[in-house]
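> Here you go, this is entry27.pdb (PDB, C-alpha atoms and all ligand atoms).
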ATOM      1  CA  MET A 965     213.835 189.384  73.832
ATOM      2  CA  PRO A 966     210.820 187.068  73.525
ATOM      3  CA  GLU A 967     208.687 189.303  75.766
ATOM      4  CA  GLN A 968     209.204 192.232  73.432
ATOM      5  CA  ARG A 969     208.314 190.149  70.373
ATOM      6  CA  THR A 970     205.100 188.760  71.831
ATOM      7  CA  SER A 971     203.951 192.040  73.304
ATOM      8  CA  SER A 972     204.205 193.772  69.938
ATOM      9  CA  CYS A 973     202.633 190.980  67.878
ATOM     10  CA  PRO A 974     199.092 192.098  67.156
ATOM     11  CA  ILE A 975     195.911 190.082  66.990
ATOM     12  CA  LEU A 976     193.421 191.579  64.561
ATOM     13  CA  TRP A 977     189.871 190.746  65.547
ATOM     14  CA  LEU A 978     187.217 191.479  62.931
ATOM     15  CA  THR A 979     183.665 191.368  64.289
ATOM     16  CA  GLY A 980     180.367 192.126  62.584
ATOM     17  CA  LEU A 981     177.205 190.604  61.190
ATOM     18  CA  SER A 982     177.137 187.769  58.702
ATOM     19  CA  GLY A 983     177.792 189.286  55.292
ATOM     20  CA  ALA A 984     179.351 192.414  56.791
ATOM     21  CA  GLY A 985     182.650 191.804  54.976
ATOM     22  CA  LYS A 986     184.882 190.225  57.641
ATOM     23  CA  THR A 987     186.201 187.411  55.429
ATOM     24  CA  THR A 988     186.553 189.644  52.368
ATOM     25  CA  ILE A 989     188.493 192.342  54.214
ATOM     26  CA  GLY A 990     190.362 189.802  56.360
ATOM     27  CA  SER A 991     191.617 187.839  53.325
ATOM     28  CA  ALA A 992     192.743 191.002  51.569
ATOM     29  CA  LEU A 993     194.484 192.141  54.744
ATOM     30  CA  VAL A 994     196.379 188.861  55.100
ATOM     31  CA  LYS A 995     197.561 189.128  51.461
ATOM     32  CA  ARG A 996     198.702 192.698  52.049
ATOM     33  CA  LEU A 997     200.591 191.767  55.242
ATOM     34  CA  LEU A 998     202.300 188.882  53.426
ATOM     35  CA  LEU A 999     203.385 191.274  50.673
ATOM     36  CA  LEU A1000     204.951 193.437  53.383
ATOM     37  CA  GLY A1001     206.938 190.416  54.567
ATOM     38  CA  LEU A1002     204.811 189.851  57.677
ATOM     39  CA  THR A1003     203.536 186.335  58.288
ATOM     40  CA  SER A1004     199.790 186.400  58.705
ATOM     41  CA  VAL A1005     196.993 183.851  58.812
ATOM     42  CA  LEU A1006     193.242 184.203  58.462
ATOM     43  CA  VAL A1007     191.316 182.545  61.293
ATOM     44  CA  ASP A1008     187.895 182.383  59.716
ATOM     45  CA  GLY A1009     184.831 181.574  61.786
ATOM     46  CA  ASP A1010     183.119 179.673  58.954
ATOM     47  CA  GLU A1011     186.199 177.480  58.504
ATOM     48  CA  LEU A1012     186.548 176.848  62.239
ATOM     49  CA  ARG A1013     182.959 175.636  62.313
ATOM     50  CA  GLN A1014     183.826 173.037  59.650
ATOM     51  CA  HIS A1015     186.473 171.320  61.807
ATOM     52  CA  LEU A1016     187.718 172.613  65.172
ATOM     53  CA  CYS A1017     184.226 173.744  66.178
ATOM     54  CA  GLN A1018     182.118 171.238  64.271
ATOM     55  CA  ASP A1019     180.674 169.932  67.547
ATOM     56  CA  LEU A1020     179.197 173.343  68.342
ATOM     57  CA  GLY A1021     175.823 174.780  67.444
ATOM     58  CA  PHE A1022     174.382 178.256  67.816
ATOM     59  CA  SER A1023     173.138 178.376  71.398
ATOM     60  CA  ALA A1024     174.609 181.171  73.519
ATOM     61  CA  ALA A1025     176.814 178.627  75.319
ATOM     62  CA  ASP A1026     178.130 177.218  72.037
ATOM     63  CA  ARG A1027     178.761 180.677  70.654
ATOM     64  CA  HIS A1028     180.813 181.497  73.774
ATOM     65  CA  GLU A1029     182.839 178.322  73.286
ATOM     66  CA  ASN A1030     183.246 178.983  69.562
ATOM     67  CA  VAL A1031     184.759 182.394  70.231
ATOM     68  CA  ARG A1032     186.906 181.028  73.057
ATOM     69  CA  ARG A1033     188.436 178.478  70.659
ATOM     70  CA  GLY A1034     188.971 181.099  67.956
ATOM     71  CA  ALA A1035     190.767 183.297  70.469
ATOM     72  CA  ALA A1036     192.890 180.365  71.657
ATOM     73  CA  VAL A1037     194.023 179.686  68.081
ATOM     74  CA  ALA A1038     194.782 183.372  67.563
ATOM     75  CA  VAL A1039     196.859 183.597  70.737
ATOM     76  CA  LEU A1040     198.850 180.482  69.785
ATOM     77  CA  LEU A1041     199.672 182.012  66.406
ATOM     78  CA  ALA A1042     200.497 185.440  67.809
ATOM     79  CA  ARG A1043     202.908 183.914  70.299
ATOM     80  CA  GLN A1044     204.782 182.364  67.369
ATOM     81  CA  GLY A1045     205.145 185.769  65.716
ATOM     82  CA  ILE A1046     202.350 185.169  63.205
ATOM     83  CA  ILE A1047     199.722 187.878  62.830
ATOM     84  CA  PRO A1048     196.273 186.287  63.140
ATOM     85  CA  VAL A1049     193.433 188.028  61.383
ATOM     86  CA  VAL A1050     190.337 186.661  63.078
ATOM     87  CA  ALA A1051     187.085 186.936  61.127
ATOM     88  CA  MET A1052     184.333 185.852  63.487
ATOM     89  CA  ILE A1053     180.879 187.286  64.103
ATOM     90  CA  SER A1054     181.620 187.028  67.855
ATOM     91  CA  PRO A1055     178.262 188.533  68.785
ATOM     92  CA  TYR A1056     178.761 188.945  72.530
ATOM     93  CA  ALA A1057     180.784 191.856  73.930
ATOM     94  CA  GLU A1058     181.734 189.754  76.946
ATOM     95  CA  ASP A1059     183.327 187.082  74.728
ATOM     96  CA  ARG A1060     185.321 189.658  72.819
ATOM     97  CA  LEU A1061     186.511 191.116  76.112
ATOM     98  CA  THR A1062     187.550 187.653  77.282
ATOM     99  CA  ALA A1063     189.411 187.183  73.989
ATOM    100  CA  ARG A1064     191.144 190.527  74.517
ATOM    101  CA  ARG A1065     192.186 189.539  78.043
ATOM    102  CA  SER A1066     193.440 186.128  76.890
ATOM    103  CA  ALA A1067     195.594 187.857  74.266
ATOM    104  CA  PHE A1068     197.681 189.753  76.809
ATOM    105  CA  PRO A1069     200.518 190.727  76.364
ATOM    106  CA  CYS A1070     199.744 190.732  72.639
ATOM    107  CA  ARG A1071     198.110 193.811  71.221
ATOM    108  CA  PHE A1072     194.422 193.130  70.592
ATOM    109  CA  ILE A1073     192.960 195.249  67.823
ATOM    110  CA  GLU A1074     189.204 195.010  67.586
ATOM    111  CA  VAL A1075     187.883 196.105  64.209
ATOM    112  CA  TYR A1076     184.151 196.521  63.917
ATOM    113  CA  ILE A1077     183.101 195.728  60.368
ATOM    114  CA  ASP A1078     180.078 197.941  60.588
ATOM    115  CA  THR A1079     177.574 197.055  57.896
ATOM    116  CA  PRO A1080     173.864 197.568  58.543
ATOM    117  CA  LEU A1081     171.673 194.484  58.651
ATOM    118  CA  GLU A1082     169.694 195.587  55.600
ATOM    119  CA  VAL A1083     172.875 195.844  53.526
ATOM    120  CA  CYS A1084     174.043 192.406  54.719
ATOM    121  CA  ARG A1085     170.619 191.045  53.836
ATOM    122  CA  ILE A1086     170.863 192.407  50.301
ATOM    123  CA  ARG A1087     174.449 191.171  49.821
ATOM    124  CA  ASP A1088     173.641 187.764  51.311
ATOM    125  CA  PRO A1089     176.889 186.211  49.978
ATOM    126  CA  LYS A1090     176.174 182.804  51.491
ATOM    127  CA  ARG A1091     172.400 182.881  50.892
ATOM    128  CA  LEU A1092     171.928 182.558  54.627
ATOM    129  CA  TYR A1093     169.494 185.464  54.993
ATOM    130  CA  GLN A1094     167.370 183.818  52.321
ATOM    131  CA  ARG A1095     167.287 180.645  54.420
ATOM    132  CA  VAL A1096     166.456 182.699  57.518
ATOM    133  CA  SER A1097     163.507 184.267  55.684
ATOM    134  CA  SER A1098     162.196 180.871  54.661
ATOM    135  CA  GLY A1099     162.416 179.702  58.291
ATOM    136  CA  GLU A1100     165.074 177.115  57.525
ATOM    137  CA  ILE A1101     167.574 178.815  59.866
ATOM    138  CA  THR A1102     166.643 180.069  63.325
ATOM    139  CA  ALA A1103     168.649 181.953  65.975
ATOM    140  CA  PHE A1104     170.450 183.947  63.295
ATOM    141  CA  THR A1105     172.671 186.796  64.500
ATOM    142  CA  GLY A1106     171.175 190.236  63.989
ATOM    143  CA  VAL A1107     167.774 188.791  63.058
ATOM    144  CA  SER A1108     166.690 186.344  65.738
ATOM    145  CA  ALA A1109     169.820 186.207  67.905
ATOM    146  CA  PRO A1110     171.654 189.132  69.480
ATOM    147  CA  TYR A1111     174.598 191.052  68.098
ATOM    148  CA  GLU A1112     176.216 193.428  70.564
ATOM    149  CA  PRO A1113     178.177 196.034  68.586
ATOM    150  CA  PRO A1114     181.531 197.023  70.063
ATOM    151  CA  ALA A1115     181.207 200.201  72.147
ATOM    152  CA  GLU A1116     184.834 201.227  71.722
ATOM    153  CA  PRO A1117     186.530 199.244  68.953
ATOM    154  CA  GLU A1118     190.053 200.263  67.994
ATOM    155  CA  LEU A1119     188.638 200.856  64.521
ATOM    156  CA  ARG A1120     185.225 200.972  62.874
ATOM    157  CA  ILE A1121     184.986 200.216  59.175
ATOM    158  CA  LYS A1122     181.770 201.264  57.498
ATOM    159  CA  THR A1123     181.824 199.130  54.382
ATOM    160  CA  GLU A1124     179.204 201.262  52.684
ATOM    161  CA  GLU A1125     181.756 204.078  52.744
ATOM    162  CA  TYR A1126     185.037 202.220  52.247
ATOM    163  CA  ALA A1127     186.016 199.920  49.417
ATOM    164  CA  VAL A1128     187.886 196.768  50.486
ATOM    165  CA  ASP A1129     191.342 198.169  49.636
ATOM    166  CA  VAL A1130     190.634 201.372  51.557
ATOM    167  CA  ALA A1131     189.469 199.368  54.568
ATOM    168  CA  VAL A1132     192.662 197.288  54.412
ATOM    169  CA  GLU A1133     194.844 200.395  54.316
ATOM    170  CA  ARG A1134     193.033 201.900  57.303
ATOM    171  CA  ILE A1135     193.592 198.750  59.335
ATOM    172  CA  LEU A1136     197.229 198.565  58.225
ATOM    173  CA  THR A1137     197.847 202.145  59.277
ATOM    174  CA  LEU A1138     196.575 201.283  62.736
ATOM    175  CA  VAL A1139     198.609 198.069  62.965
ATOM    176  CA  LEU A1140     201.883 199.458  61.657
ATOM    177  CA  GLY A1141     201.207 202.924  63.132
TER     178      GLY A1141
HETATM  179  P1  LIG B1201     181.337 187.971  56.409
HETATM  180  O1  LIG B1201     182.668 187.279  56.449
HETATM  181  O2  LIG B1201     181.307 189.182  57.291
HETATM  182  O3  LIG B1201     180.182 187.055  56.647
HETATM  183  P2  LIG B1201     181.828 188.113  53.592
HETATM  184  O4  LIG B1201     183.178 188.773  53.512
HETATM  185  O5  LIG B1201     181.770 186.641  53.446
HETATM  186  O6  LIG B1201     181.126 188.562  54.955
HETATM  187  O7  LIG B1201     180.861 188.754  52.520
HETATM  188  C1  LIG B1201     180.768 190.152  52.325
HETATM  189  C2  LIG B1201     180.205 190.415  50.952
HETATM  190  O8  LIG B1201     180.052 191.817  50.792
HETATM  191  C3  LIG B1201     181.122 189.925  49.840
HETATM  192  O9  LIG B1201     180.327 189.416  48.796
HETATM  193  C4  LIG B1201     181.817 191.215  49.410
HETATM  194  O10 LIG B1201     182.233 191.188  48.056
HETATM  195  C5  LIG B1201     180.712 192.240  49.609
HETATM  196  N1  LIG B1201     181.196 193.633  49.803
HETATM  197  C6  LIG B1201     180.733 194.700  49.102
HETATM  198  N2  LIG B1201     181.372 195.832  49.492
HETATM  199  C7  LIG B1201     182.237 195.468  50.458
HETATM  200  C8  LIG B1201     183.189 196.193  51.241
HETATM  201  N3  LIG B1201     183.363 197.517  51.097
HETATM  202  N4  LIG B1201     183.911 195.516  52.158
HETATM  203  C9  LIG B1201     183.735 194.184  52.312
HETATM  204  N5  LIG B1201     182.867 193.429  51.613
HETATM  205  C10 LIG B1201     182.121 194.056  50.675
END
Hey, can you dump this file as structure tokens for me?
Ligand code: ADP

Amino acid sequence: MPEQRTSSCPILWLTGLSGAGKTTIGSALVKRLLLLGLTSVLVDGDELRQHLCQDLGFSAADRHENVRRGAAVAVLLARQGIIPVVAMISPYAEDRLTARRSAFPCRFIEVYIDTPLEVCRIRDPKRLYQRVSSGEITAFTGVSAPYEPPAEPELRIKTEEYAVDVAVERILTLVLG
């Protein structure tokens, strides 16, 4: 029955600071799900900002709207039986809660990619922290804009402790349980 299919189709929501590892782990997770025969798509915050959300900036209001659109895309996919792996900073707890509520009856699995700011700063995969230091970027999450860590995520991945493949397996175990 359709109700059963939608209610079991999970939405994986990866939140964390820039450079935490959301895209890296999310991409690997999608590949792994595809290998298992499950259709999965990465909904990447950076990509959304290049098209669907290109009209949005980084004010609190725009960040709310950015996350709302990401969640809307994820819910559309989940309702078609596709597993969305959302990789978005999604800094506000309230927005993640709204996303969770909008997902119902799909299972919403919030995964906190928990990487300390100093580690993200050193990794700096997109050279954004460098641009923050030089003053070129303002209102940057974790530095000059808030990040509200999830209080009770379904899973917390400390990337200093887990290699990417280990992180993927931990998430998979939770999803496929
Ligand atoms: P985000 O999407 O959260 O902004 P990215 O995935 O783009 O972050 O970048 C994370 C960077 O950290 C990549 O260069 C990745 O190779 C590196 N990295 C090092 N160790 C890990 C790990 N255990 N998990 C995820 N990423 C890691």
> Could you name the residues that touch Val1037 of chain A at 10 Å or less, counting all atoms listed in the file, but leaving out those on the same chain fewer than 5 positions away, as a PDB file with C-alpha atoms, in the coordinates of the input?

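The result, stored in around_1.pdb:
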ATOM      1  CA  VAL A1007     191.316 182.545  61.293  1.00  0.00           C
ATOM      2  CA  LEU A1012     186.548 176.848  62.239  1.00  0.00           C
ATOM      3  CA  LEU A1016     187.718 172.613  65.172  1.00  0.00           C
ATOM      4  CA  VAL A1031     184.759 182.394  70.231  1.00  0.00           C
ATOM      5  CA  ARG A1032     186.906 181.028  73.057  1.00  0.00           C
ATOM      6  CA  ALA A1042     200.497 185.440  67.809  1.00  0.00           C
ATOM      7  CA  PRO A1048     196.273 186.287  63.140  1.00  0.00           C
ATOM      8  CA  VAL A1050     190.337 186.661  63.078  1.00  0.00           C
TER       9      VAL A1050
END
> Determine the nearest neighbour of ligand LIG 1201 (chain B) from the options A:Leu1081, A:Ala1057, A:Ala1038, A:Leu1119, counting only C-alpha atoms and all ligand atoms.
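Answer, going by the shortest atom-to-atom distance: A:Leu1081.
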> Quick check, in Å to one decimal: how far apart do atom N3 of ligand LIG 1201 (chain B) and atom CA of Asp1059 of chain A lie?
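Answer for the atom N3 of ligand LIG 1201 (chain B) to atom CA of Asp1059 of chain A separation: 25.8 Å.
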> Please identify every polymer residue within 6 Å of ligand LIG 1201 (chain B), using all atoms listed in the file, and present the set as a short mmCIF file (atom, residue, chain, number, x, y, z; two decimals) with C-alpha atoms, in the frame of the given file.

data_model
loop_
_atom_site.label_atom_id
_atom_site.label_comp_id
_atom_site.auth_asym_id
_atom_site.auth_seq_id
_atom_site.Cartn_x
_atom_site.Cartn_y
_atom_site.Cartn_z
CA LEU A 981 177.20 190.60 61.19
CA SER A 982 177.14 187.77 58.70
CA GLY A 983 177.79 189.29 55.29
CA ALA A 984 179.35 192.41 56.79
CA GLY A 985 182.65 191.80 54.98
CA LYS A 986 184.88 190.22 57.64
CA THR A 987 186.20 187.41 55.43
CA THR A 988 186.55 189.64 52.37
CA ILE A 989 188.49 192.34 54.21
CA ARG A 1087 174.45 191.17 49.82
CA PRO A 1089 176.89 186.21 49.98
CA THR A 1123 181.82 199.13 54.38
CA GLU A 1124 179.20 201.26 52.68
CA TYR A 1126 185.04 202.22 52.25
CA ALA A 1127 186.02 199.92 49.42
CA VAL A 1128 187.89 196.77 50.49
#
> Using all atoms listed in the file, determine which residues lie at most 12 Å from Leu1006 of chain A, disregarding the query and same-chain residues fewer than 3 positions distant; provide the list as a PyMOL selection string.
chain A and resi 975-978+986-998+1003+1009-1012+1034+1037-1038+1041-1042+1046-1052
> Write a file of the selected residues as a short mmCIF file (atom, residue, chain, number, x, y, z; two decimals), in the frame of the given file, keeping C-alpha atoms.

data_model
loop_
_atom_site.label_atom_id
_atom_site.label_comp_id
_atom_site.auth_asym_id
_atom_site.auth_seq_id
_atom_site.Cartn_x
_atom_site.Cartn_y
_atom_site.Cartn_z
CA ILE A 975 195.91 190.08 66.99
CA LEU A 976 193.42 191.58 64.56
CA TRP A 977 189.87 190.75 65.55
CA LEU A 978 187.22 191.48 62.93
CA LYS A 986 184.88 190.22 57.64
CA THR A 987 186.20 187.41 55.43
CA THR A 988 186.55 189.64 52.37
CA ILE A 989 188.49 192.34 54.21
CA GLY A 990 190.36 189.80 56.36
CA SER A 991 191.62 187.84 53.32
CA ALA A 992 192.74 191.00 51.57
CA LEU A 993 194.48 192.14 54.74
CA VAL A 994 196.38 188.86 55.10
CA LYS A 995 197.56 189.13 51.46
CA ARG A 996 198.70 192.70 52.05
CA LEU A 997 200.59 191.77 55.24
CA LEU A 998 202.30 188.88 53.43
CA THR A 1003 203.54 186.34 58.29
CA GLY A 1009 184.83 181.57 61.79
CA ASP A 1010 183.12 179.67 58.95
CA GLU A 1011 186.20 177.48 58.50
CA LEU A 1012 186.55 176.85 62.24
CA GLY A 1034 188.97 181.10 67.96
CA VAL A 1037 194.02 179.69 68.08
CA ALA A 1038 194.78 183.37 67.56
CA LEU A 1041 199.67 182.01 66.41
CA ALA A 1042 200.50 185.44 67.81
CA ILE A 1046 202.35 185.17 63.20
CA ILE A 1047 199.72 187.88 62.83
CA PRO A 1048 196.27 186.29 63.14
CA VAL A 1049 193.43 188.03 61.38
CA VAL A 1050 190.34 186.66 63.08
CA ALA A 1051 187.08 186.94 61.13
CA MET A 1052 184.33 185.85 63.49
#
> For Arg1120 of chain A, work out the shell of residues within 8 Å, counting all atoms listed in the file and skipping chain neighbours fewer than 6 positions away, then give it as a list of chain:residue names.
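Counting only the stated atoms, we get A:Val1075, A:Tyr1076, A:Ile1077, A:Asp1078.
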> Those selected residues, please, written with C-alpha atoms and delivered as a PDB file, keeping the file's coordinate frame.

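What ended up in result-v7.pdb:
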ATOM      1  CA  VAL A1075     187.883 196.105  64.209  1.00  0.00           C
ATOM      2  CA  TYR A1076     184.151 196.521  63.917  1.00  0.00           C
ATOM      3  CA  ILE A1077     183.101 195.728  60.368  1.00  0.00           C
ATOM      4  CA  ASP A1078     180.078 197.941  60.588  1.00  0.00           C
TER       5      ASP A1078
END
> Excluding same-chain residues fewer than 4 positions from Phe1072 of chain A, what lies within 9 Å of it counting all atoms listed in the file, as a ChimeraX atom specification?
/A:973-977,1063-1065,1067-1068,1118
> With only C-alpha atoms as the atoms that count, which of A:Pro1110, A:Pro1080, A:Gly1099, A:Gly1045 lies nearest to Ala1024 of chain A?
A:Pro1110
> Work out how far atom CA of Ile1135 of chain A is from atom CA of Glu1029 of chain A, in Å to one decimal.
27.0 Å
> From the set A:Leu1140, A:Ala1115, A:Leu999, A:Leu1020, which residue has the shortest atom-to-atom contact distance to Glu1058 of chain A, counting all atoms listed in the file?
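Counting all atoms listed in the file, the residue closest to Glu1058 of chain A is A:Ala1115.
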> Here is a test: counting only C-alpha atoms, which residue of A:Arg1085, A:Arg1060, A:Arg1043, A:His1028 is nearest to Pro1117 of chain A?
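Going through A:Arg1085, A:Arg1060, A:Arg1043, A:His1028 one by one, the smallest distance to Pro1117 of chain A is for A:Arg1060.
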> Which one of A:Ser1097, A:Thr1062, A:Gln1044, A:Thr979 sits closest to Ile1121 of chain A if you count only C-alpha atoms?
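For Ile1121 of chain A, the nearest of the candidates is A:Thr979.
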> For atom CA of Ser1066 of chain A and atom CA of Leu1040 of chain A, quote the distance in Å rounded to one decimal.
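Answer for the atom CA of Ser1066 of chain A to atom CA of Leu1040 of chain A separation: 10.6 Å.
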